[in-house]
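Have a look at the structure below before the remarks.
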Amino acid sequence: MNQRELFFRHVAQTSHAPLGLEIIRAEGVDLYDMHGKKYTDLIGGISVCNTGHRHPKIVEAIKEQADKYLHLLVYGEFIQSPQVQYATLLAKHLPPSLNSVYFTNSGTEATEGAMKLAKRITGRSNMVAFKQSYHGSTQGSLSLMGDEYWRNAFRPLLPGILHASFNDMSSLDLIDNNTACVIVETIQAERGVNAGQQSWLQALQQKCNTSGTLLIVDEIQTGFGRTGSLWNFQQMDITPDILLLGKALGGGMPLGAFIADKIMMSALAEAPVLGHITTFGGHPVCCAAGMASLNILLKENWIQEVFEKEKCFKKLLVHPKIKSVRSAGLLIAIEFENFETNKKIIDNCIEHGVLTDWFLFAPHCMRIAPPLTISMSEIEKASEIILASCSV
């Protein structure tokens, strides 16, 4: 049997129509399949590869750490330099209250840990999330997910979760002295890049403060320069009580984190002891790769170039079939009439060497979230292919 047949026989599928591209090499913003065909990657592994595929310094960091040690013991028991150094670097570039990092394997695990921490700190169990929000797909994260289509098949889910309307001041009335936490994305990515209003987000934080509710901000997709600043909450002028990170956190390796104040995080160490544990969270190779990636972002000018590249995409992406283009830096949604139109254009793009996709809660919108390293000439060429695909 060939590789494709083995893929469909032995690798669990989550849809009946996976893309099925057999990629054998990736470099910068380009992917190469088994036939040597090149694809410009406009989704970056779903906002993972912010520093591009296989950046030499990330590969070097992985190799150096692999030469020292891999897994040693469950997270938190040994002093492991990659974890310590990366946590320290993250804290250096976050507000003073976000100084204690709990590494996980993924973004959804970060959500789960933050939910437990909020209940442990407040002694409350009720939570508020938002309609058409996405925070992962494990049981707790799924309970928060703001779309019944994705939740319904897996009920019963966690009780005590209310789903409010995003950007709606009246939705703040759902937050009271029984609410443990509110979890919010500053930009609802999977809704097709639906940005939170600064005034609303600030009012949300104020309501949390007055009710003793913890504000959990999910920057799993928007962090690490995606929207033109290291963290999008900086642009909103708010400060989370707990911050969720993932995707680009690992520089292409699996890594997530929830981050809070040390005093708050220490609640997981007693009553019960080992209140939250993970075997592989903060794996030393993943932390080494992630730290190398963040250092690259801090040194290069890619974050500063995000808005210019955003403008370039929006200037070029004009076509009768395009109803609108919504963006937050290099997180962009191209809106079409319906899913069928979008899917046909996506398939044409892939056929002509541009990899793109759609959004969970906005299937009529095309996703653009390339590595931040993408050049102006690459943006122009990819946009030409998108426009040509619209005309087919």
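Just so we're on the same page: first chain in the structure tokens is A, next is B, and so on; residues restart at 1 for each chain, and ligands are numbered from 1 in the order they show up.
Running DSSP on the backbone and keeping only alpha helix (DSSP H), the residues of segment 149-233 of chain A that qualify are Tyr149, Trp150, Arg151, Gln198, Ser199, Trp200, Leu201, Gln202, Ala203, Leu204, Gln205, Gln206, Lys207, Cys208, Asn209, Thr210, Ser211, Asn232 and Phe233 of chain A.
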Would you pick out the contacts of Gln198 of chain A at 10 Å or less, using only C-alpha atoms, so that residues sharing its chain but fewer than 6 positions from it are not included, and give the list as number ranges by chain?
A: 167, 186, 204, 233, 235-238
Please return as a PyMOL selection string: the residues of segment 58-251 of chain A that backbone DSSP assigns to strand (DSSP E or B).
chain A and resi 100-104+126-130+161-164+179-185+187-188+194-195+214-218+242-245+251
Counting only C-alpha atoms, what are the residues of segment 38-130 of chain A within 6 Å of segment 283-293 of chain A, and for each of them which pair of atoms is the nearest and at what distance in Å, to one decimal? Sort the table by chain and rising number, as a Markdown table.
```
| residue | atom | partner | partner_atom | distance |
| --- | --- | --- | --- | --- |
| A:Ile58 | CA | A:Ala289 | CA | 5.2 |
| A:Ala61 | CA | A:Ala289 | CA | 5.8 |
| A:Ile62 | CA | A:Val285 | CA | 5.7 |
| A:Gln65 | CA | A:Val285 | CA | 5.8 |
| A:Pro82 | CA | A:Ala288 | CA | 5.2 |
| A:Gln83 | CA | A:Cys287 | CA | 5.8 |
| A:Tyr86 | CA | A:Met291 | CA | 5.3 |
```
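For the residues A:Pro272, A:Gly353, A:Gly136, A:Gly251, ranking by smallest atom-to-atom distance to Gly36 of chain A using only C-alpha atoms places A:Gly353 first.
The space separating atom CA of Thr227 of chain A from atom CA of Glu148 of chain A comes to 28.2 Å.
Every protein or nucleic acid residue with an atom no more than 10 Å from Asp30 of chain A, counting only C-alpha atoms and leaving out same-chain residues fewer than 5 positions away, appears here: Arg25, Lys37, Lys38, Tyr39, Thr40, Asp41, Leu42, Gly44, Gly52, His53, Gly353, Val354, Leu355, Pro371 and Ile374 of chain A.
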Can those selected residues be exported to a file as a PDB file, in the first residue's frame so that it contains N, CA and C atoms?
```pdb
ATOM      1  N   ARG A  25       8.504  18.522   2.715  1.00  0.00           N
ATOM      2  CA  ARG A  25       9.486  19.516   3.147  1.00  0.00           C
ATOM      3  C   ARG A  25       8.799  20.870   3.294  1.00  0.00           C
ATOM      4  N   LYS A  37       5.986  19.904  -6.024  1.00  0.00           N
ATOM      5  CA  LYS A  37       5.147  21.086  -6.192  1.00  0.00           C
ATOM      6  C   LYS A  37       5.235  21.971  -4.962  1.00  0.00           C
ATOM      7  N   LYS A  38       5.350  23.287  -5.199  1.00  0.00           N
ATOM      8  CA  LYS A  38       5.482  24.241  -4.099  1.00  0.00           C
ATOM      9  C   LYS A  38       4.146  24.915  -3.808  1.00  0.00           C
ATOM     10  N   TYR A  39       3.864  25.086  -2.519  1.00  0.00           N
ATOM     11  CA  TYR A  39       2.658  25.786  -2.077  1.00  0.00           C
ATOM     12  C   TYR A  39       3.067  26.940  -1.167  1.00  0.00           C
ATOM     13  N   THR A  40       2.538  28.122  -1.414  1.00  0.00           N
ATOM     14  CA  THR A  40       2.715  29.236  -0.490  1.00  0.00           C
ATOM     15  C   THR A  40       1.723  29.043   0.653  1.00  0.00           C
ATOM     16  N   ASP A  41       2.235  28.969   1.864  1.00  0.00           N
ATOM     17  CA  ASP A  41       1.409  28.645   3.028  1.00  0.00           C
ATOM     18  C   ASP A  41       0.802  29.923   3.606  1.00  0.00           C
ATOM     19  N   LEU A  42      -0.492  30.124   3.369  1.00  0.00           N
ATOM     20  CA  LEU A  42      -1.175  31.304   3.880  1.00  0.00           C
ATOM     21  C   LEU A  42      -1.896  31.053   5.199  1.00  0.00           C
ATOM     22  N   GLY A  44      -0.101  29.030   7.831  1.00  0.00           N
ATOM     23  CA  GLY A  44       0.966  28.855   8.818  1.00  0.00           C
ATOM     24  C   GLY A  44       0.639  27.833   9.891  1.00  0.00           C
ATOM     25  N   GLY A  52       7.914  31.361  10.466  1.00  0.00           N
ATOM     26  CA  GLY A  52       8.152  30.565   9.272  1.00  0.00           C
ATOM     27  C   GLY A  52       8.439  29.114   9.603  1.00  0.00           C
ATOM     28  N   HIS A  53       8.456  28.307   8.578  1.00  0.00           N
ATOM     29  CA  HIS A  53       8.750  26.883   8.738  1.00  0.00           C
ATOM     30  C   HIS A  53      10.261  26.655   8.839  1.00  0.00           C
ATOM     31  N   GLY A 353      -1.174  26.352  -6.133  1.00  0.00           N
ATOM     32  CA  GLY A 353      -0.005  26.541  -5.287  1.00  0.00           C
ATOM     33  C   GLY A 353      -0.137  27.525  -4.151  1.00  0.00           C
ATOM     34  N   VAL A 354      -1.363  27.809  -3.712  1.00  0.00           N
ATOM     35  CA  VAL A 354      -1.570  28.655  -2.532  1.00  0.00           C
ATOM     36  C   VAL A 354      -2.445  27.906  -1.541  1.00  0.00           C
ATOM     37  N   LEU A 355      -1.917  27.655  -0.364  1.00  0.00           N
ATOM     38  CA  LEU A 355      -2.652  26.909   0.656  1.00  0.00           C
ATOM     39  C   LEU A 355      -3.419  27.851   1.556  1.00  0.00           C
ATOM     40  N   PRO A 371       2.845  32.906   7.871  1.00  0.00           N
ATOM     41  CA  PRO A 371       3.997  33.280   8.688  1.00  0.00           C
ATOM     42  C   PRO A 371       4.237  34.779   8.585  1.00  0.00           C
ATOM     43  N   ILE A 374       6.366  36.456   5.721  1.00  0.00           N
ATOM     44  CA  ILE A 374       5.979  36.566   4.314  1.00  0.00           C
ATOM     45  C   ILE A 374       6.407  37.924   3.756  1.00  0.00           C
TER      46      ILE A 374
END
```
Pick from A:Ile385, A:Ala333, A:Leu214, A:Ala260: nearest to Asn194 of chain A, with only C-alpha atoms counted?
A:Ala333
Please identify all polymer residues within 7 Å of Cys181 of chain A, counting only C-alpha atoms, omitting same-chain residues fewer than 2 positions from it, and present them as a PyMOL selection string.
chain A and resi 118+127-128+179+183+213-216
Keeping only C-alpha atoms, write the selected residues as a short mmCIF file (atom, residue, chain, number, x, y, z; two decimals), in the first residue's frame.
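The new file out01.cif reads:
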```cif
data_model
loop_
_atom_site.label_atom_id
_atom_site.label_comp_id
_atom_site.auth_asym_id
_atom_site.auth_seq_id
_atom_site.Cartn_x
_atom_site.Cartn_y
_atom_site.Cartn_z
CA ALA A 118 -10.34 30.05 38.42
CA MET A 127 -18.39 30.68 34.08
CA VAL A 128 -19.21 33.05 31.23
CA THR A 179 -19.10 33.88 38.44
CA ILE A 183 -13.09 33.70 29.22
CA THR A 213 -14.47 37.45 38.76
CA LEU A 214 -11.25 36.40 37.05
CA LEU A 215 -10.74 37.59 33.48
CA ILE A 216 -9.19 34.91 31.28
#
```
Between A:Lys131, A:Lys381, A:Lys247, A:His10, which is the closest to Trp150 of chain A once you count only C-alpha atoms?
A:Lys131
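Closest to Ile259 of chain A among A:Pro240, A:Gly282, A:Gly160, A:Pro370 is A:Pro240, based on only C-alpha atoms.
The nearest approach to Ala369 of chain A among the residues A:Glu270, A:Glu64, A:Asp357, A:Glu337, with only C-alpha atoms taken into account, belongs to A:Asp357.
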Using only C-alpha atoms, determine which residues lie at most 12 Å from Ser383 of chain A, disregarding the query and same-chain residues fewer than 3 positions distant; provide the list as an mmCIF file with C-alpha atoms, in the first residue's frame.
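The result, written out as around-v5.cif:
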```
data_model
loop_
_atom_site.group_PDB
_atom_site.id
_atom_site.type_symbol
_atom_site.label_atom_id
_atom_site.label_comp_id
_atom_site.auth_asym_id
_atom_site.auth_seq_id
_atom_site.Cartn_x
_atom_site.Cartn_y
_atom_site.Cartn_z
ATOM 1 C CA THR A 40 2.715 29.236 -0.490
ATOM 2 C CA LEU A 42 -1.175 31.304 3.880
ATOM 3 C CA LYS A 309 1.569 43.703 5.048
ATOM 4 C CA GLU A 310 -2.050 43.771 6.203
ATOM 5 C CA CYS A 312 -1.031 45.212 1.114
ATOM 6 C CA PHE A 313 -3.383 42.221 1.316
ATOM 7 C CA LYS A 314 -6.442 44.471 1.718
ATOM 8 C CA LYS A 315 -5.415 46.722 -1.174
ATOM 9 C CA LEU A 316 -4.958 43.776 -3.525
ATOM 10 C CA LEU A 317 -7.915 41.598 -2.516
ATOM 11 C CA VAL A 318 -10.643 43.379 -4.455
ATOM 12 C CA HIS A 319 -13.033 41.321 -6.589
ATOM 13 C CA ILE A 334 -12.074 37.080 3.065
ATOM 14 C CA CYS A 349 -5.991 28.229 -4.859
ATOM 15 C CA HIS A 352 -2.419 26.650 -8.216
ATOM 16 C CA GLY A 353 -0.005 26.541 -5.287
ATOM 17 C CA VAL A 354 -1.570 28.655 -2.532
ATOM 18 C CA LEU A 355 -2.652 26.909 0.656
ATOM 19 C CA THR A 356 -5.573 28.453 2.488
ATOM 20 C CA ILE A 368 -5.300 34.069 5.728
ATOM 21 C CA MET A 376 5.552 41.791 -0.081
ATOM 22 C CA SER A 377 6.320 39.982 -3.326
ATOM 23 C CA GLU A 378 4.957 36.736 -1.886
ATOM 24 C CA ILE A 379 1.803 38.578 -0.771
ATOM 25 C CA GLU A 380 1.371 40.005 -4.270
ATOM 26 C CA ILE A 386 -6.619 34.156 -5.059
ATOM 27 C CA LEU A 387 -8.118 36.690 -7.482
ATOM 28 C CA ALA A 388 -7.589 34.362 -10.444
ATOM 29 C CA SER A 389 -9.271 31.571 -8.484
ATOM 30 C CA CYS A 390 -12.240 33.863 -7.835
#
```
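We find atom CA of Gly228 of chain A and atom CA of Leu298 of chain A to be spaced 12.4 Å apart.
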Residue neighbourhood Met366 of chain A, 12 Å, only C-alpha atoms, exclusion window fewer than 6 positions, as a count of residues only:
40
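Atom CA of Glu22 of chain A to atom CA of Arg4 of chain A spans 7.8 Å [interatomic distance, one decimal].
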Hey, what's within 10 Å of Trp200 of chain A if we count only C-alpha atoms and toss same-chain stuff fewer than 4 positions away? As a list in words, please?
Phe166, Asn167, Asp168, Met169, Leu172, Gly196, Leu204, Gln205, Gln206 and Met236 of chain A
